[in-house]
Each structure stands twice: as C-alpha cells, then as structure tokens.
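Worksheet for the structure shown next.
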Amino acid sequence: MKVVYSGSFKKISGDTRNNWVTMMFVTHQRYNCFRKQLHIDTCIGAFRELERFGFEFGEFGFAWNHVHLQVNIPKRYSVENAEIMLKSRSAKRMFEQHPGFRKRYPRGGFWSGYEHHVSTGMMNLEESTKYLQDQQRHHGVIVMPVGQQKLLN
C-alpha cells in the first residue's frame with residue numbers, strides 16, 4: 001500500500017467543527033427577573049459581548065425565571081468554562097445596568113447553580129430553534145415593553 005501526501009501542510013484557519021450547544025440557566029431562587037424587555041435586552045447584550053472570543057449565538061428564549069440559548073462554543077473552551085463565562089458576564093452586566101438587583105441579590109449571585117446543556121447538532125438545530133422561539137407562549141409570559149406604561153382607570 002502506497003502512502004500519498006499532498007505536499008501541503010497548511011493548517012486550516014479558524015474553527016471548523018460544529019459545537020452547538022443548547023443551554024438553560026435559571027435565576028437564583030427562581031426569582032422572576034425577566035418580566036421586562038429591558039432586562040432581557042441587557043442579558044442578551046452581555047452574552048453577545050463574548051462574540052469577540054469566538055462564541056456564536058443562535059436563538060434566545062426567555063421565560064420569567066430562566067433563559068434558553070443556543071451557543072457555538074469555540075474549541076479552546078470547555079462547556080464548563082463557557083458556562084462560567086456566560087453566567088459571570090451576564091450577571092456583571094445585570095448588576096451594573098440595573099442596581100435594584102443588588103437588593104434582591106445582596107451577595108451577587110444572579111444565576112443559580114443549576115444549568116442544563118445538550119449538544120445540538122445541525123440535524124436538530126431547527127427543532128431547538130422552534131422550541132426556543134416558543135418559550136414565552138409555552139410559559140404564558142407577557143413581557144413588559146421598554147417605555148412608560150399607561151395607568152389603567
């Protein structure tokens with residue numbers, strides 16, 4: 001058997017693997033922290049700050065006390081390290097932009113220790129996307145939009 005080499009040992013630039021993971025994070029004590037669109041936007045913005053480290057994000061699904069998200073984790077990070085980065089960055093931004101959360105979480109623990117993650121290949125990425133987009137209807141969540149609310153008579 002003859003071994004044939006292409007003569008090229010050029011490394012492929014960038015991450016070529018699929019490491020999509022669907023995660024779920026729950027707020028500490030399951031407090032309903034995501035009833036306002038402003039809080040949801042802050043959390044999404046904090047997650048998106050990690051795109052500069054190579055993270056890619058798909059859909060986000062928020063219920064009152066938890067968030068589901070699709071994330072493509074770069075190969076240099078384990079799932080555990082990615083979870084720590086996502087939770088710590090989002091908690092930091094929530095406390096910075098919404099000081100009232102310090103009253104509810106005086107010790108600074110915005111997320112609970114619970115997390116759930118499952119590998120999401122390209123085959124079931126569409127199924128996962130539909131599930132995440134349906135979170136608010138599934139949980140009966142009505143999110144208050146940004147802006148002043150009218151008083152009812």
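In the structure tokens, each chain is lettered A, B, ... as it comes, each chain's residues begin at 1, and ligands are numbered from 1 in order of appearance.
Residues in contact with Lys36 (chain A) at up to 9 Å, not including ones fewer than 6 positions away on its chain and judged by only C-alpha atoms, are Ile142, Val143, Met144, Pro145 and Val146 of chain A.
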Atoms kept (C-alpha atoms) for selection, written as an mmCIF file, in the first residue's frame:
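Saved result, selection34.cif, follows:
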```cif
data_model
loop_
_atom_site.group_PDB
_atom_site.id
_atom_site.type_symbol
_atom_site.label_atom_id
_atom_site.label_comp_id
_atom_site.auth_asym_id
_atom_site.auth_seq_id
_atom_site.Cartn_x
_atom_site.Cartn_y
_atom_site.Cartn_z
ATOM 1 C CA ILE A 142 -46.122 38.589 28.975
ATOM 2 C CA VAL A 143 -43.037 40.797 28.745
ATOM 3 C CA MET A 144 -43.420 44.493 29.565
ATOM 4 C CA PRO A 145 -42.008 46.538 26.680
ATOM 5 C CA VAL A 146 -39.440 49.280 27.156
#
```
Practice problem: Using DSSP on the backbone, list every residue of chain A that comes out as strand (DSSP E or B), and give them as number ranges by chain. | Solution: A: 20-27, 36, 56-62, 66-72, 111-119, 144
Selection above as a file: N, CA and C atoms, as an mmCIF file, in the first residue's frame:
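Here's the written file out-v2.cif:
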```
data_model
loop_
_atom_site.group_PDB
_atom_site.id
_atom_site.type_symbol
_atom_site.label_atom_id
_atom_site.label_comp_id
_atom_site.auth_asym_id
_atom_site.auth_seq_id
_atom_site.Cartn_x
_atom_site.Cartn_y
_atom_site.Cartn_z
ATOM 1 N N TRP A 20 -22.385 23.300 18.567
ATOM 2 C CA TRP A 20 -23.587 23.995 19.018
ATOM 3 C C TRP A 20 -24.149 23.286 20.234
ATOM 4 N N VAL A 21 -24.443 24.079 21.243
ATOM 5 C CA VAL A 21 -24.989 23.560 22.495
ATOM 6 C C VAL A 21 -26.196 24.416 22.852
ATOM 7 N N THR A 22 -27.274 23.765 23.280
ATOM 8 C CA THR A 22 -28.430 24.478 23.804
ATOM 9 C C THR A 22 -28.316 24.443 25.322
ATOM 10 N N MET A 23 -28.313 25.629 25.939
ATOM 11 C CA MET A 23 -28.139 25.735 27.387
ATOM 12 C C MET A 23 -29.372 26.352 28.025
ATOM 13 N N MET A 24 -29.539 26.078 29.306
ATOM 14 C CA MET A 24 -30.582 26.729 30.085
ATOM 15 C C MET A 24 -29.987 27.161 31.414
ATOM 16 N N PHE A 25 -30.145 28.441 31.748
ATOM 17 C CA PHE A 25 -29.703 28.985 33.024
ATOM 18 C C PHE A 25 -30.922 29.471 33.790
ATOM 19 N N VAL A 26 -30.930 29.223 35.090
ATOM 20 C CA VAL A 26 -32.043 29.606 35.959
ATOM 21 C C VAL A 26 -31.555 30.669 36.937
ATOM 22 N N THR A 27 -32.390 31.681 37.184
ATOM 23 C CA THR A 27 -32.019 32.714 38.141
ATOM 24 C C THR A 27 -32.009 32.130 39.552
ATOM 25 N N LYS A 36 -39.362 42.186 32.214
ATOM 26 C CA LYS A 36 -39.220 43.429 31.465
ATOM 27 C C LYS A 36 -38.275 43.225 30.287
ATOM 28 N N GLU A 56 -20.546 32.019 19.062
ATOM 29 C CA GLU A 56 -21.623 32.355 18.127
ATOM 30 C C GLU A 56 -22.925 32.042 18.829
ATOM 31 N N PHE A 57 -23.926 32.901 18.623
ATOM 32 C CA PHE A 57 -25.205 32.693 19.280
ATOM 33 C C PHE A 57 -26.304 32.505 18.256
ATOM 34 N N GLY A 58 -27.228 31.614 18.589
ATOM 35 C CA GLY A 58 -28.414 31.400 17.782
ATOM 36 C C GLY A 58 -29.583 32.099 18.450
ATOM 37 N N GLU A 59 -30.619 31.364 18.695
ATOM 38 C CA GLU A 59 -31.831 31.904 19.306
ATOM 39 C C GLU A 59 -31.700 31.997 20.819
ATOM 40 N N PHE A 60 -32.462 32.927 21.396
ATOM 41 C CA PHE A 60 -32.611 33.052 22.842
ATOM 42 C C PHE A 60 -34.095 32.887 23.157
ATOM 43 N N GLY A 61 -34.400 32.204 24.244
ATOM 44 C CA GLY A 61 -35.776 32.056 24.693
ATOM 45 C C GLY A 61 -35.849 32.367 26.176
ATOM 46 N N PHE A 62 -36.630 33.390 26.529
ATOM 47 C CA PHE A 62 -36.725 33.815 27.925
ATOM 48 C C PHE A 62 -38.091 33.480 28.494
ATOM 49 N N HIS A 66 -35.911 31.968 33.756
ATOM 50 C CA HIS A 66 -34.813 31.244 33.126
ATOM 51 C C HIS A 66 -34.652 31.662 31.669
ATOM 52 N N VAL A 67 -33.511 31.303 31.130
ATOM 53 C CA VAL A 67 -33.206 31.612 29.742
ATOM 54 C C VAL A 67 -32.688 30.345 29.061
ATOM 55 N N HIS A 68 -33.130 30.133 27.831
ATOM 56 C CA HIS A 68 -32.604 29.083 26.967
ATOM 57 C C HIS A 68 -31.803 29.796 25.878
ATOM 58 N N LEU A 69 -30.676 29.236 25.508
ATOM 59 C CA LEU A 69 -29.893 29.849 24.445
ATOM 60 C C LEU A 69 -29.129 28.793 23.671
ATOM 61 N N GLN A 70 -28.901 29.109 22.393
ATOM 62 C CA GLN A 70 -28.066 28.271 21.538
ATOM 63 C C GLN A 70 -26.725 28.977 21.390
ATOM 64 N N VAL A 71 -25.660 28.242 21.606
ATOM 65 C CA VAL A 71 -24.331 28.835 21.520
ATOM 66 C C VAL A 71 -23.369 27.846 20.865
ATOM 67 N N ASN A 72 -22.552 28.360 19.967
ATOM 68 C CA ASN A 72 -21.487 27.576 19.355
ATOM 69 C C ASN A 72 -20.217 27.933 20.119
ATOM 70 N N TRP A 111 -27.272 34.032 39.021
ATOM 71 C CA TRP A 111 -27.686 32.736 38.485
ATOM 72 C C TRP A 111 -27.591 31.671 39.563
ATOM 73 N N SER A 112 -28.478 30.707 39.497
ATOM 74 C CA SER A 112 -28.395 29.576 40.427
ATOM 75 C C SER A 112 -27.298 28.627 39.948
ATOM 76 N N GLY A 113 -27.003 27.632 40.742
ATOM 77 C CA GLY A 113 -26.004 26.644 40.351
ATOM 78 C C GLY A 113 -26.521 25.679 39.304
ATOM 79 N N TYR A 114 -27.831 25.655 39.108
ATOM 80 C CA TYR A 114 -28.423 24.727 38.133
ATOM 81 C C TYR A 114 -28.145 25.211 36.716
ATOM 82 N N GLU A 115 -27.819 24.293 35.881
ATOM 83 C CA GLU A 115 -27.724 24.556 34.441
ATOM 84 C C GLU A 115 -28.018 23.257 33.713
ATOM 85 N N HIS A 116 -28.489 23.406 32.515
ATOM 86 C CA HIS A 116 -28.747 22.245 31.670
ATOM 87 C C HIS A 116 -28.151 22.557 30.308
ATOM 88 N N HIS A 117 -27.454 21.611 29.743
ATOM 89 C CA HIS A 117 -26.951 21.795 28.390
ATOM 90 C C HIS A 117 -27.062 20.477 27.640
ATOM 91 N N VAL A 118 -27.308 20.601 26.357
ATOM 92 C CA VAL A 118 -27.401 19.433 25.493
ATOM 93 C C VAL A 118 -26.776 19.807 24.153
ATOM 94 N N SER A 119 -26.017 18.892 23.603
ATOM 95 C CA SER A 119 -25.389 19.119 22.313
ATOM 96 C C SER A 119 -26.467 19.233 21.241
ATOM 97 N N MET A 144 -43.122 43.063 29.623
ATOM 98 C CA MET A 144 -43.420 44.493 29.565
ATOM 99 C C MET A 144 -42.427 45.162 28.631
#
```
Practice problem: Please provide as number ranges by chain all residues within 12 Å of Glu49 (chain A), with the sequence filter that same-chain residues fewer than 2 positions apart are discarded (counting only C-alpha atoms). | Solution: A: 42-47, 51-57, 85-86, 88-90, 92-93
Quiz item: Hey, can you check how far CA of Ala63 (chain A) sits from CA of Thr129 (chain A)?
Solution: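 So the answer is 15.0 Å.
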Exercise. For Tyr31 (chain A), work out the shell of residues within 6 Å, counting only C-alpha atoms and skipping chain neighbours fewer than 2 positions away, then give it as a PyMOL selection string.
Key: chain A and resi 29+33+65
Using N, CA and C atoms, can you export the residues from the last selection as a PDB file, in the first residue's frame?
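Everything below was put into again_27.pdb:
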```
ATOM      1  N   GLN A  29     -32.787  31.411  43.238  1.00  0.00           N
ATOM      2  CA  GLN A  29     -34.072  31.350  43.954  1.00  0.00           C
ATOM      3  C   GLN A  29     -35.271  31.428  43.009  1.00  0.00           C
ATOM      4  N   CYS A  33     -37.077  37.493  37.081  1.00  0.00           N
ATOM      5  CA  CYS A  33     -36.277  38.666  36.717  1.00  0.00           C
ATOM      6  C   CYS A  33     -36.431  39.085  35.263  1.00  0.00           C
ATOM      7  N   ASN A  65     -38.166  33.210  34.766  1.00  0.00           N
ATOM      8  CA  ASN A  65     -37.049  32.952  35.680  1.00  0.00           C
ATOM      9  C   ASN A  65     -35.917  32.145  35.057  1.00  0.00           C
TER      10      ASN A  65
END
```
Exercise. As JSON, numbers by chain, list the residues of region 7-78 of chain A assigned to alpha helix (DSSP H) by DSSP on the backbone atoms of this structure.
Key: {"A": [37, 38, 39, 40, 41, 42, 43, 44, 45, 46, 47, 48]}
Practice problem: Find the spatial neighbours of Gly108 (chain A), counting only C-alpha atoms, within a cut-off of 8 Å - ignore same-chain residues fewer than 5 positions away - and output them as a PyMOL selection string. | Solution: chain A and resi 91+95+102
